[in-house]
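Listing of structure_1.cif; format and content: mmCIF, C-alpha atoms and all ligand atoms.
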data_my_file
#
loop_
_atom_site.label_atom_id
_atom_site.label_comp_id
_atom_site.auth_asym_id
_atom_site.auth_seq_id
_atom_site.Cartn_x
_atom_site.Cartn_y
_atom_site.Cartn_z
CA MET L 1 92.54 139.27 122.60
CA LYS L 2 92.29 139.18 118.80
CA ARG L 3 95.69 138.37 117.28
CA LYS L 4 96.74 140.86 114.56
CA LEU L 5 99.65 140.65 112.08
CA LEU L 6 100.87 143.55 109.94
CA LEU L 7 103.32 143.08 107.08
CA VAL L 8 105.04 145.97 105.29
CA HIS L 9 106.15 145.31 101.71
CA ALA L 10 107.57 147.45 98.89
CA HIS L 11 105.82 146.20 95.72
CA PRO L 12 102.81 144.10 94.78
CA ASP L 13 104.29 140.56 94.64
CA ASP L 14 106.61 140.83 97.63
CA GLU L 15 103.82 139.88 100.01
CA SER L 16 103.38 136.56 98.17
CA ILE L 17 107.02 135.85 97.35
CA ALA L 18 108.39 136.51 100.83
CA THR L 19 105.42 135.92 103.15
CA GLY L 20 102.58 134.35 101.21
CA GLY L 21 102.69 131.28 103.38
CA VAL L 22 102.43 133.05 106.73
CA ILE L 23 99.69 135.35 105.42
CA ALA L 24 97.65 132.33 104.31
CA ARG L 25 98.40 130.35 107.48
CA TYR L 26 97.57 133.03 110.00
CA ALA L 27 94.52 134.22 108.08
CA ALA L 28 93.26 130.63 108.09
CA GLU L 29 93.92 130.43 111.84
CA GLY L 30 91.72 133.46 112.48
CA VAL L 31 94.46 136.07 112.88
CA GLU L 32 93.56 139.47 111.47
CA VAL L 33 96.18 140.14 108.78
CA CYS L 34 96.94 143.47 107.11
CA VAL L 35 99.47 144.02 104.34
CA VAL L 36 100.80 147.50 103.61
CA THR L 37 102.30 147.86 100.13
CA CYS L 38 104.38 151.01 99.66
CA THR L 39 104.23 151.37 95.85
CA LEU L 40 102.30 150.03 92.84
CA GLY L 41 105.40 148.51 91.21
CA GLU L 42 105.14 150.84 88.22
CA GLU L 43 108.76 150.29 87.14
CA GLY L 44 108.65 146.53 86.90
CA GLU L 45 109.46 144.38 83.90
CA ILE L 46 106.77 142.22 82.32
CA VAL L 47 106.70 138.49 81.64
CA PRO L 48 103.70 137.93 79.29
CA PRO L 49 104.40 139.42 75.83
CA ARG L 50 100.71 140.34 75.46
CA LEU L 51 101.15 142.83 78.35
CA ALA L 52 104.59 144.15 77.36
CA ARG L 53 103.43 147.63 76.33
CA LEU L 54 102.15 148.39 79.81
CA VAL L 55 105.71 149.18 80.92
CA ALA L 56 106.63 152.61 82.26
CA ALA L 57 108.52 153.51 79.09
CA GLU L 58 105.44 152.90 76.92
CA ALA L 59 101.80 152.97 78.18
CA ASP L 60 102.96 153.35 81.82
CA GLN L 61 99.97 151.34 83.02
CA LEU L 62 101.82 148.59 84.91
CA GLY L 63 101.07 150.07 88.33
CA GLY L 64 97.34 149.93 87.79
CA TYR L 65 97.56 146.45 86.35
CA ARG L 66 99.60 145.25 89.33
CA SER L 67 97.00 146.62 91.72
CA GLY L 68 94.65 144.09 90.17
CA GLU L 69 97.25 141.34 90.58
CA MET L 70 97.61 142.39 94.21
CA ALA L 71 93.84 142.13 94.76
CA ALA L 72 93.79 138.66 93.21
CA ALA L 73 96.72 137.54 95.33
CA ALA L 74 94.93 138.82 98.44
CA VAL L 75 91.92 136.64 97.62
CA ALA L 76 94.17 133.63 97.11
CA LEU L 77 95.80 134.19 100.50
CA GLY L 78 92.60 134.95 102.41
CA LEU L 79 94.00 138.42 103.13
CA THR L 80 91.12 140.67 104.22
CA ARG L 81 92.89 144.01 104.72
CA HIS L 82 95.32 145.57 102.28
CA GLU L 83 96.55 149.18 102.30
CA TYR L 84 98.81 151.25 100.06
CA LEU L 85 101.09 153.54 102.06
CA GLY L 86 99.67 157.06 101.90
CA GLY L 87 96.79 155.80 99.77
CA ILE L 88 96.94 154.12 96.35
CA GLY L 89 99.29 155.95 93.99
CA ARG L 90 100.94 158.17 96.60
CA TRP L 91 104.42 156.63 96.27
CA ARG L 92 105.90 155.34 93.03
CA ASP L 93 108.23 152.41 92.50
CA SER L 94 111.78 153.85 92.62
CA GLY L 95 113.24 151.29 90.26
CA MET L 96 116.33 149.17 90.75
CA ALA L 97 119.35 150.90 92.26
CA GLY L 98 120.95 153.37 89.88
CA THR L 99 117.98 153.71 87.51
CA PRO L 100 116.42 157.11 86.61
CA ALA L 101 113.06 156.08 88.10
CA ALA L 102 114.41 157.27 91.46
CA ASP L 103 114.20 160.85 90.14
CA HIS L 104 110.44 160.69 89.61
CA PRO L 105 108.73 163.31 91.85
CA ARG L 106 106.68 160.59 93.57
CA ALA L 107 109.47 158.02 93.83
CA PHE L 108 109.22 156.19 97.15
CA THR L 109 112.90 156.58 97.99
CA GLY L 110 112.81 160.31 97.14
CA GLY L 111 109.94 160.94 99.52
CA SER L 112 110.10 162.27 103.05
CA LEU L 113 111.08 159.55 105.52
CA VAL L 114 109.20 161.51 108.19
CA GLU L 115 106.02 161.72 106.12
CA GLN L 116 106.16 158.05 105.15
CA THR L 117 106.86 156.95 108.72
CA ALA L 118 103.89 159.00 109.93
CA GLN L 119 101.66 157.41 107.28
CA LEU L 120 102.73 153.95 108.40
CA ARG L 121 102.35 154.81 112.08
CA GLU L 122 98.81 155.99 111.38
CA LEU L 123 98.00 152.58 109.89
CA ILE L 124 99.68 150.77 112.80
CA ASP L 125 97.77 152.78 115.39
CA ASP L 126 94.51 152.12 113.55
CA PHE L 127 95.09 148.37 113.04
CA ALA L 128 96.91 147.79 116.36
CA PRO L 129 98.95 144.67 115.46
CA GLN L 130 100.87 142.71 118.08
CA VAL L 131 103.30 141.45 115.40
CA VAL L 132 104.89 143.40 112.54
CA VAL L 133 106.96 141.91 109.69
CA THR L 134 109.19 143.66 107.16
CA TYR L 135 112.59 143.18 105.50
CA ASP L 136 116.05 143.33 107.06
CA SER L 137 118.21 146.42 106.66
CA PHE L 138 119.41 145.19 103.23
CA GLY L 139 115.81 144.96 102.09
CA GLY L 140 116.34 141.26 101.51
CA TYR L 141 118.30 141.79 98.30
CA GLY L 142 119.18 145.45 98.19
CA HIS L 143 116.28 146.98 96.25
CA PRO L 144 116.04 150.66 97.31
CA ASP L 145 112.27 150.42 97.91
CA HIS L 146 112.75 147.38 100.13
CA ILE L 147 115.39 149.21 102.16
CA ARG L 148 113.07 152.22 102.56
CA ALA L 149 110.22 149.92 103.63
CA HIS L 150 112.54 148.51 106.31
CA GLU L 151 113.55 152.00 107.41
CA ILE L 152 110.02 153.37 107.86
CA THR L 153 108.84 150.20 109.58
CA MET L 154 111.71 150.26 112.07
CA ALA L 155 110.95 153.95 112.67
CA ALA L 156 107.19 153.52 113.06
CA ALA L 157 106.61 150.13 114.68
CA PRO L 158 108.89 149.54 117.68
CA ASP L 159 107.32 152.08 120.03
CA ALA L 160 103.73 151.71 118.86
CA PRO L 161 101.64 150.68 121.91
CA SER L 162 100.19 147.51 120.36
CA VAL L 163 103.43 146.13 118.88
CA GLU L 164 105.11 143.38 120.90
CA ARG L 165 107.29 141.77 118.22
CA VAL L 166 108.96 142.98 115.02
CA PHE L 167 110.40 140.37 112.65
CA HIS L 168 112.52 140.59 109.51
CA VAL L 169 111.63 138.04 106.85
CA VAL L 170 114.74 136.39 105.37
CA GLN L 171 115.80 133.57 103.06
CA SER L 172 117.25 130.56 104.88
CA GLU L 173 120.73 129.79 103.54
CA ALA L 174 120.26 126.09 104.21
CA ALA L 175 116.73 125.82 102.76
CA LEU L 176 117.82 127.74 99.67
CA ALA L 177 120.79 125.41 99.14
CA VAL L 178 118.56 122.33 99.50
CA GLY L 179 115.99 123.76 97.11
CA LEU L 180 118.57 124.68 94.49
CA ALA L 181 120.16 121.23 94.75
CA GLU L 182 116.73 119.64 94.16
CA LEU L 183 116.21 121.84 91.11
CA ARG L 184 119.65 120.90 89.72
CA ALA L 185 119.04 117.18 90.36
CA ASP L 186 115.61 117.36 88.75
CA GLY L 187 117.11 119.07 85.72
CA THR L 188 113.80 119.98 84.05
CA SER L 189 113.45 123.68 84.87
CA PRO L 190 113.03 125.87 81.79
CA PHE L 191 115.05 128.49 83.68
CA ARG L 192 118.66 128.70 84.77
CA VAL L 193 119.04 127.40 88.30
CA ALA L 194 120.81 129.95 90.49
CA ALA L 195 124.30 128.99 91.59
CA ASP L 196 124.99 128.54 95.30
CA GLY L 197 125.72 131.94 96.77
CA GLU L 198 124.12 133.80 93.86
CA LEU L 199 120.87 134.59 95.66
CA PRO L 200 120.96 136.52 98.95
CA SER L 201 120.28 134.47 102.08
CA THR L 202 120.76 134.54 105.84
CA PRO L 203 122.92 132.05 107.78
CA ASP L 204 120.53 129.78 109.67
CA GLY L 205 122.27 130.51 112.96
CA LYS L 206 120.77 134.00 112.79
CA ILE L 207 117.21 132.81 112.13
CA THR L 208 115.00 132.88 115.23
CA THR L 209 111.68 131.74 113.79
CA VAL L 210 110.79 129.07 111.23
CA VAL L 211 107.09 128.97 110.32
CA ASP L 212 105.89 125.81 108.59
CA ILE L 213 103.65 126.85 105.70
CA SER L 214 103.36 123.44 104.01
CA ALA L 215 99.60 123.29 104.65
CA HIS L 216 99.22 126.63 102.88
CA ARG L 217 101.61 126.07 99.99
CA GLN L 218 98.82 125.85 97.41
CA ALA L 219 97.46 129.23 98.53
CA LYS L 220 100.96 130.69 98.21
CA LEU L 221 101.33 129.22 94.71
CA ALA L 222 97.94 130.65 93.68
CA ALA L 223 98.99 134.08 94.98
CA LEU L 224 102.31 133.86 93.12
CA ARG L 225 100.46 132.97 89.92
CA ALA L 226 98.31 136.09 90.37
CA HIS L 227 101.44 138.19 89.92
CA GLU L 228 101.84 137.02 86.31
CA THR L 229 103.57 140.21 85.12
CA GLN L 230 106.43 139.63 87.57
CA LEU L 231 107.02 135.93 87.76
CA THR L 232 106.38 132.46 86.38
CA VAL L 233 105.40 129.51 88.56
CA VAL L 234 106.69 126.21 87.16
CA ASP L 235 104.71 123.15 88.23
CA GLY L 236 106.47 119.83 88.22
CA ALA L 237 108.40 117.40 90.37
CA VAL L 238 110.01 120.44 92.03
CA THR L 239 107.54 123.31 91.81
CA HIS L 240 109.47 126.58 91.68
CA PHE L 241 109.33 130.09 90.24
CA ALA L 242 111.37 132.60 88.31
CA LEU L 243 111.17 136.37 88.23
CA THR L 244 111.63 138.30 85.00
CA ASN L 245 115.35 137.56 85.30
CA SER L 246 114.60 133.92 84.38
CA ILE L 247 116.54 132.55 87.35
CA ALA L 248 114.89 129.51 88.91
CA GLN L 249 114.23 129.83 92.63
CA PRO L 250 112.79 127.20 95.02
CA ILE L 251 109.65 127.68 97.08
CA PRO L 252 110.44 126.25 100.55
CA SER L 253 107.71 124.82 102.76
CA ALA L 254 108.63 127.17 105.58
CA GLU L 255 109.16 130.91 105.83
CA TYR L 256 112.02 132.27 107.89
CA PHE L 257 112.31 135.24 110.22
CA VAL L 258 114.74 137.05 112.48
CA LEU L 259 113.23 138.59 115.60
CA ALA L 260 114.29 142.24 115.57
CA GLN L 261 112.37 143.31 118.66
CA GLY L 262 110.41 141.62 121.41
CA ASP L 263 110.40 138.54 123.61
CA ALA L 264 111.87 135.52 121.81
CA HIS L 265 110.39 133.00 124.27
CA GLY L 266 108.18 130.57 122.37
CA ALA L 267 108.75 132.25 119.01
CA GLU L 268 110.78 129.40 117.49
CA THR L 269 108.03 128.20 115.12
CA ASP L 270 105.24 130.76 115.48
CA LEU L 271 105.26 134.55 115.11
CA PHE L 272 102.77 134.64 118.00
CA GLY L 273 104.40 131.77 119.90
CA GLY L 274 104.66 131.80 123.68
CA TRP L 275 101.63 134.01 124.21
C1 LIG E 301 110.69 140.93 93.82
C2 LIG E 301 110.85 142.40 93.59
O1 LIG E 301 111.14 143.15 94.51
N1 LIG E 301 110.68 142.82 92.32
C3 LIG E 301 110.83 144.23 91.98
C4 LIG E 301 112.09 144.42 91.14
O2 LIG E 301 111.92 143.62 89.98
C5 LIG E 301 113.14 143.10 89.48
C6 LIG E 301 113.76 144.05 88.45
O3 LIG E 301 112.81 144.31 87.44
C7 LIG E 301 115.02 143.43 87.86
O4 LIG E 301 115.51 144.32 86.88
C8 LIG E 301 114.74 142.06 87.25
O5 LIG E 301 115.95 141.51 86.79
C9 LIG E 301 114.13 141.12 88.30
O6 LIG E 301 113.79 139.90 87.71
C10 LIG E 301 112.84 141.75 88.85
O7 LIG E 301 112.29 140.91 89.88
O8 LIG E 301 112.26 145.81 90.77
C11 LIG E 301 111.15 146.35 90.04
C12 LIG E 301 111.50 147.78 89.71
O9 LIG E 301 111.70 148.51 90.92
C13 LIG E 301 109.86 146.22 90.86
O10 LIG E 301 108.74 146.71 90.13
C14 LIG E 301 109.62 144.74 91.21
O11 LIG E 301 108.45 144.60 92.02
ZN ZN E 302 109.83 144.21 95.78
#
Go through the file and emit its structure as structure tokens.
Ligand SMILES: CC(=O)N[C@H]1[C@@H](O[C@@H]2[C@H](O)[C@H](O)[C@@H](O)[C@H](O)[C@H]2O)O[C@H](CO)[C@@H](O)[C@@H]1O
Ligand SMILES: [Zn+2]
Amino acid sequence: MKRKLLLVHAHPDDESIATGGVIARYAAEGVEVCVVTCTLGEEGEIVPPRLARLVAAEADQLGGYRSGEMAAAAVALGLTRHEYLGGIGRWRDSGMAGTPAADHPRAFTGGSLVEQTAQLRELIDDFAPQVVVTYDSFGGYGHPDHIRAHEITMAAAPDAPSVERVFHVVQSEAALAVGLAELRADGTSPFRVAADGELPSTPDGKITTVVDISAHRQAKLAALRAHETQLTVVDGAVTHFALTNSIAQPIPSAEYFVLAQGDAHGAETDLFGGW
């Protein structure tokens, strides 16, 4: 049976930041991979000064520009199917918690949970994945759109006939600490290295699945570079990245998951393991 993996993300860039390695790995292994992105990331900040006026408060063109970044990242990852929830432009980036963007009439978090869940379920029934990946209930770091993406996925996926496993992608506490220590020891990052405990992570005792993505790290880096409005990739002794907040973050050679539903047998190092 053809293996199929579906990943549900909030903004263009999340697919590469959180799961770029597993997308590249499984696509290379012949798994059919589909990413659903819930918004166009219209409310994002912008790194390159030459693009600064695209922001929502000025030309309000960032969403369209990021759709192009998303397409380029898909090519870098070997991703062959990408969907926007409800169709491109249906749901708008709600902004960080507490910002007025949440009041926009098309804001993702202001939309109907029932409608959005039905839109996702329609995609799941059409694609028929055995494995579905999204964020944990905190959305990874608390962004309202990430939390809503978790909510609709956990409403739509578990009882879909094809779905056998649902995973939450998380940051490994241990891998993050090692990566930050390497960045501090290297001492050459142009960005501030996050302090221990500053970035959200999951205790490794809760992690069920560690997928080695070292063979696909270059594809992940290329996909990250495609999202130039949102982040900077720093090449060097310790290749790392920083979002628009200019906080240096490591790029581990594995991606980490917590099995939220399904049979854990054989899933220690492979989302499809044991089958
Ligand atoms: C990775 C991610 O989810 N990015 C979101 C996030 O962007 C952050 C936001 O602009 C914050 O104010 C910055 O300090 C941080 O560096 C950014 O990563 O929220 C944006 C607005 O909702 C969203 O467009 C972006 O994809
Ligand atoms: Zn996001």
- Which protein, DNA or RNA residues have an atom within 9 Å of ligand LIG 301 (chain E), counting only C-alpha atoms and all ligand atoms, as a PyMOL selection string? chain L and resi 10-14+17-18+39-46+62-63+93-97+99+101+140-141+143-146+230-231+242-247
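Proximity ranking of L:Gly262, L:Pro105, L:Gly197, L:Gly142 relative to ligand ZN 302 (chain E) places L:Gly142 first, based on all atoms listed in the file.
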- Task: Mind listing whatever residues come within 7 Å of the point (118.2, 125.8, 91.8)? Use only C-alpha atoms, file coordinates, and give them as a PyMOL selection string.
- Result: chain L and resi 179-184+193-195+248-250
- Message: Using all atoms listed in the file and a cutoff of 12 Å, can you tell me which residues are near (114.0, 128.4, 101.8) in the file's coordinates, and write them out as a count of residues only?
- Response: 40
To box stretch 48-66 of chain L, take all atoms listed in the file, fit an axis-aligned box, add 4 Å on each side, and give centre and edge lengths in Å to one decimal, as lines of an AutoDock Vina configuration file.
center_x = 102.9
center_y = 145.7
center_z = 82.4
size_x = 19.2
size_y = 23.6
size_z = 21.9
- One decimal, Å: what's the distance from atom CA of L:Glu164 over to atom CA of L:Gly86, could you say? 24.0 Å
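Closest approach to ligand ZN 302 (chain E) among L:Phe241, L:Trp91, L:Tyr84, L:Tyr135: L:Tyr135, based on only C-alpha atoms and all ligand atoms.
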- Message: Between atom CA of L:Met154 and atom CA of L:Thr117, what is the distance in Å, rounded to a tenth?
- Response: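 Taking atom CA of L:Met154 and atom CA of L:Thr117, their separation equals 8.9 Å.
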- Find, counting all atoms listed in the file, the residue in L:His216, L:Arg25, L:His150, L:His82 that gets nearest to ligand ZN 302 (chain E).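 Smallest separation from ligand ZN 302 (chain E) among the options: L:His150.
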- Message: Report, in Å to a single decimal, how far apart atom CA of L:Ile147 and atom CA of L:His104 are.
- Response: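 Atom-to-atom, atom CA of L:His104 to atom CA of L:Ile147, that is 17.7 Å.
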- Message: Measuring between all atoms listed in the file, which one of L:Cys38, L:Ala219, L:Leu5, L:Ile88 shows the shortest distance to L:Val166?
- Response: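 Residue with the minimum atom-to-atom distance to L:Val166: L:Leu5.
Closest approach to L:Trp275 among L:Met70, L:Val132, L:Leu224, L:Met1 is made by L:Met1 (distances from only C-alpha atoms).
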- Note on the structure: Nearest to L:Glu228, restricted to only C-alpha atoms and choosing among L:Ser16, L:Thr153, L:Thr188, L:Gln261, comes out as L:Ser16
